[in-house]
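Q: Pasting a structure here, questions to come.
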Amino acid sequence: VKWQKVNYRQNLRGLILMALLINFSKTIVIFFIDLSQVITLTFISAVKDSLQGGTVVALGLDKFVSPISSSSIPGAAFAGDLFTYFVAAIAFCVATLVVAVILILFLGRIIALWIILVFAPLAFLASTLPQTREWYDKWWKTLGSNLTLAPVLAFMLWLVFAVVAGGPTNGVSDGQIQISATGNTAAVENASVGGIASSSLVGFLVAIGLLMYAIKLGVQMSTVGGSVAQKLASGV
């Protein structure tokens with residue numbers, strides 16, 4: 001590679017500025033990480049009570065293995081229970097896979113941020129030369145991408161566990177729904193699918209769908225965040 005000559009007099013001010021940035025590079029990165037963590041933990045703390053019971057309870061999977069009714073026909077009860085546990089097994093596998101992907105994303109973010117923090121001084125040093133400026137831009141893109149990922153996922157987790165995956169309230173059991181007419185309330189039997197309350201099944205499907213969308217949205221927004229950070233760094 002043929003290196004171009006660098007006019008150090010013209011770049012003196014830039015070199016002094018970069019020297020200061022290199023010295024405080026880790027402080028700058030930690031500031032942005034803390035800012036991202038504050039937003040993330042704000043949403044996570046809002047659903048910590050739901051998550052303390054575990055993902056199975058939060059998504060309502062525990063209701064799948066508690067049939068709301070049983071049949072008096074010989075053999076029908078066994079077939080209904082078998083169907084219930086089969087559906088519950090599939091739902092558990094899907095939920096495990098989705099939650100595992102989210103955990104991998106969070107774990108990968110932690111590892112990436114540690115690597116970004118370690119190489120922060122070298123990244124700012126790379127910005128001083130035109131030949132290494134590209135590395136500096138890529139470093140900012142990676143930082144912005146990982147800073148954006150966690151808040152987006154945390155927001156979607158809050159949306160799922162605090163809004164969608166909430167169980168029945170007001171003393172109404174899983175196998176009942178509550179209706180109101182002229183100010184009076186009454187609990188009526190809820191529809192079921194193979195002994196599984198339809199409300200629990202629909203709630204689980206909506207929650208899993210939103211979690212899948214959360215993964216897609218988190219990856220997309222992290223790409224956008226990385227591009228924005230790269231453009232801002234290029235303008236400095």
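How things are named: the first chain in the structure tokens is A, the next is B, and so on; residues count from 1 in each chain; ligands count from 1 in the order shown.
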Any idea what's packed within 12 Å of Thr42 in chain A, counting only C-alpha atoms, ignoring anything in its chain fewer than 4 positions away? Could you give it as a PDB file with N, CA, C and O atoms, in the first residue's frame?
A:
ATOM      1  N   LEU A  35     -26.176   5.538  28.884  1.00  0.00           N
ATOM      2  CA  LEU A  35     -27.406   6.141  28.375  1.00  0.00           C
ATOM      3  C   LEU A  35     -28.332   5.083  27.786  1.00  0.00           C
ATOM      4  O   LEU A  35     -29.544   5.092  28.023  1.00  0.00           O
ATOM      5  N   SER A  36     -27.746   4.168  27.040  1.00  0.00           N
ATOM      6  CA  SER A  36     -28.533   3.073  26.474  1.00  0.00           C
ATOM      7  C   SER A  36     -29.076   2.157  27.565  1.00  0.00           C
ATOM      8  O   SER A  36     -30.227   1.689  27.495  1.00  0.00           O
ATOM      9  N   GLN A  37     -28.273   1.913  28.592  1.00  0.00           N
ATOM     10  CA  GLN A  37     -28.694   1.042  29.688  1.00  0.00           C
ATOM     11  C   GLN A  37     -29.836   1.648  30.498  1.00  0.00           C
ATOM     12  O   GLN A  37     -30.728   0.930  30.966  1.00  0.00           O
ATOM     13  N   VAL A  38     -29.810   2.968  30.672  1.00  0.00           N
ATOM     14  CA  VAL A  38     -30.878   3.629  31.433  1.00  0.00           C
ATOM     15  C   VAL A  38     -32.224   3.418  30.738  1.00  0.00           C
ATOM     16  O   VAL A  38     -33.233   3.094  31.375  1.00  0.00           O
ATOM     17  N   ALA A  46     -40.045  -2.258  34.505  1.00  0.00           N
ATOM     18  CA  ALA A  46     -41.502  -2.165  34.492  1.00  0.00           C
ATOM     19  C   ALA A  46     -42.162  -3.539  34.417  1.00  0.00           C
ATOM     20  O   ALA A  46     -43.339  -3.680  34.771  1.00  0.00           O
ATOM     21  N   VAL A  47     -41.414  -4.550  33.947  1.00  0.00           N
ATOM     22  CA  VAL A  47     -41.988  -5.894  33.815  1.00  0.00           C
ATOM     23  C   VAL A  47     -41.239  -6.916  34.669  1.00  0.00           C
ATOM     24  O   VAL A  47     -41.396  -8.115  34.470  1.00  0.00           O
ATOM     25  N   LYS A  48     -40.447  -6.445  35.626  1.00  0.00           N
ATOM     26  CA  LYS A  48     -39.660  -7.372  36.431  1.00  0.00           C
ATOM     27  C   LYS A  48     -40.552  -8.286  37.265  1.00  0.00           C
ATOM     28  O   LYS A  48     -40.197  -9.438  37.527  1.00  0.00           O
ATOM     29  N   ALA A 150     -30.610  -2.924  22.364  1.00  0.00           N
ATOM     30  CA  ALA A 150     -31.191  -3.243  23.680  1.00  0.00           C
ATOM     31  C   ALA A 150     -32.440  -2.423  24.008  1.00  0.00           C
ATOM     32  O   ALA A 150     -33.440  -2.991  24.459  1.00  0.00           O
ATOM     33  N   PRO A 151     -32.440  -1.095  23.817  1.00  0.00           N
ATOM     34  CA  PRO A 151     -33.667  -0.339  24.127  1.00  0.00           C
ATOM     35  C   PRO A 151     -34.877  -0.776  23.308  1.00  0.00           C
ATOM     36  O   PRO A 151     -35.997  -0.814  23.828  1.00  0.00           O
ATOM     37  N   VAL A 152     -34.662  -1.122  22.041  1.00  0.00           N
ATOM     38  CA  VAL A 152     -35.775  -1.565  21.195  1.00  0.00           C
ATOM     39  C   VAL A 152     -36.327  -2.892  21.696  1.00  0.00           C
ATOM     40  O   VAL A 152     -37.548  -3.070  21.841  1.00  0.00           O
ATOM     41  N   ALA A 154     -36.013  -4.112  24.713  1.00  0.00           N
ATOM     42  CA  ALA A 154     -36.598  -3.905  26.042  1.00  0.00           C
ATOM     43  C   ALA A 154     -37.999  -3.306  25.929  1.00  0.00           C
ATOM     44  O   ALA A 154     -38.910  -3.692  26.678  1.00  0.00           O
ATOM     45  N   PHE A 155     -38.180  -2.382  25.006  1.00  0.00           N
ATOM     46  CA  PHE A 155     -39.510  -1.797  24.807  1.00  0.00           C
ATOM     47  C   PHE A 155     -40.514  -2.847  24.358  1.00  0.00           C
ATOM     48  O   PHE A 155     -41.649  -2.899  24.842  1.00  0.00           O
ATOM     49  N   LEU A 157     -40.313  -6.077  24.876  1.00  0.00           N
ATOM     50  CA  LEU A 157     -40.551  -6.990  25.999  1.00  0.00           C
ATOM     51  C   LEU A 157     -41.554  -6.386  26.973  1.00  0.00           C
ATOM     52  O   LEU A 157     -42.431  -7.084  27.504  1.00  0.00           O
ATOM     53  N   TRP A 158     -41.414  -5.091  27.224  1.00  0.00           N
ATOM     54  CA  TRP A 158     -42.397  -4.412  28.073  1.00  0.00           C
ATOM     55  C   TRP A 158     -43.784  -4.485  27.449  1.00  0.00           C
ATOM     56  O   TRP A 158     -44.780  -4.734  28.147  1.00  0.00           O
TER      57      TRP A 158
END
Q: Would you please extract all alpha helix (DSSP H) residues from range 119-152 of chain A, as assigned by DSSP on the backbone, and give them as a count of residues only?
A: 27
Q: Using only C-alpha atoms, which of the listed residues (A:Met221, A:Leu211, A:Ala229, A:Leu21) sits closest to Val99 in chain A?
A: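 Looking at the shortest contact to Val99 in chain A, the residue is A:Leu211.
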Q: For a quick check of understanding, using only C-alpha atoms, which of A:Ser25, A:Thr132, A:Ser45, A:Thr148 has the smallest distance to Ile116 in chain A?
A: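 Smallest separation from Ile116 in chain A among the options: A:Ser25.
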Q: Using only C-alpha atoms, which residues sit within 8 Å of Gln230 in chain A once same-chain residues fewer than 3 positions away are excluded, as a count of residues only?
A: 9
Q: To one decimal in Å, tell me the separation between CA of Ala214 in chain A and CA of Ala89 in chain A.
A: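 Interatomic distance here is 22.9 Å.
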Q: Pick from A:Ala88, A:Leu17, A:Leu149, A:Glu134: nearest to Leu217 in chain A, with only C-alpha atoms counted?
A: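 Of the candidates, the smallest distance to Leu217 in chain A is held by A:Leu149.
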Q: Which of these residues is nearest to Ser145 in chain A, using only C-alpha atoms: A:Leu20, A:Ser222, A:Thr27, A:Asp34?
A: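 Closest residue, counting only C-alpha atoms: A:Ser222.
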Q: Of the residues A:Val224, A:Leu147, A:Ile215, A:Leu125, which is the one nearest to Arg109 in chain A, using only C-alpha atoms?
A: A:Leu147
Q: Compare A:Ile16, A:Leu59, A:Ile22, A:Leu159 by their minimum atom-to-atom distance to Leu205 in chain A, counting only C-alpha atoms, and give me the closest one.
A: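 The shortest atom-to-atom distance to Leu205 in chain A comes from A:Leu59.
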Q: Work out how far apart CA of Leu210 in chain A and CA of Ala95 in chain A are and give it in Å to one decimal.
A: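 Spanning CA of Leu210 in chain A to CA of Ala95 in chain A is a straight-line distance of 11.6 Å.
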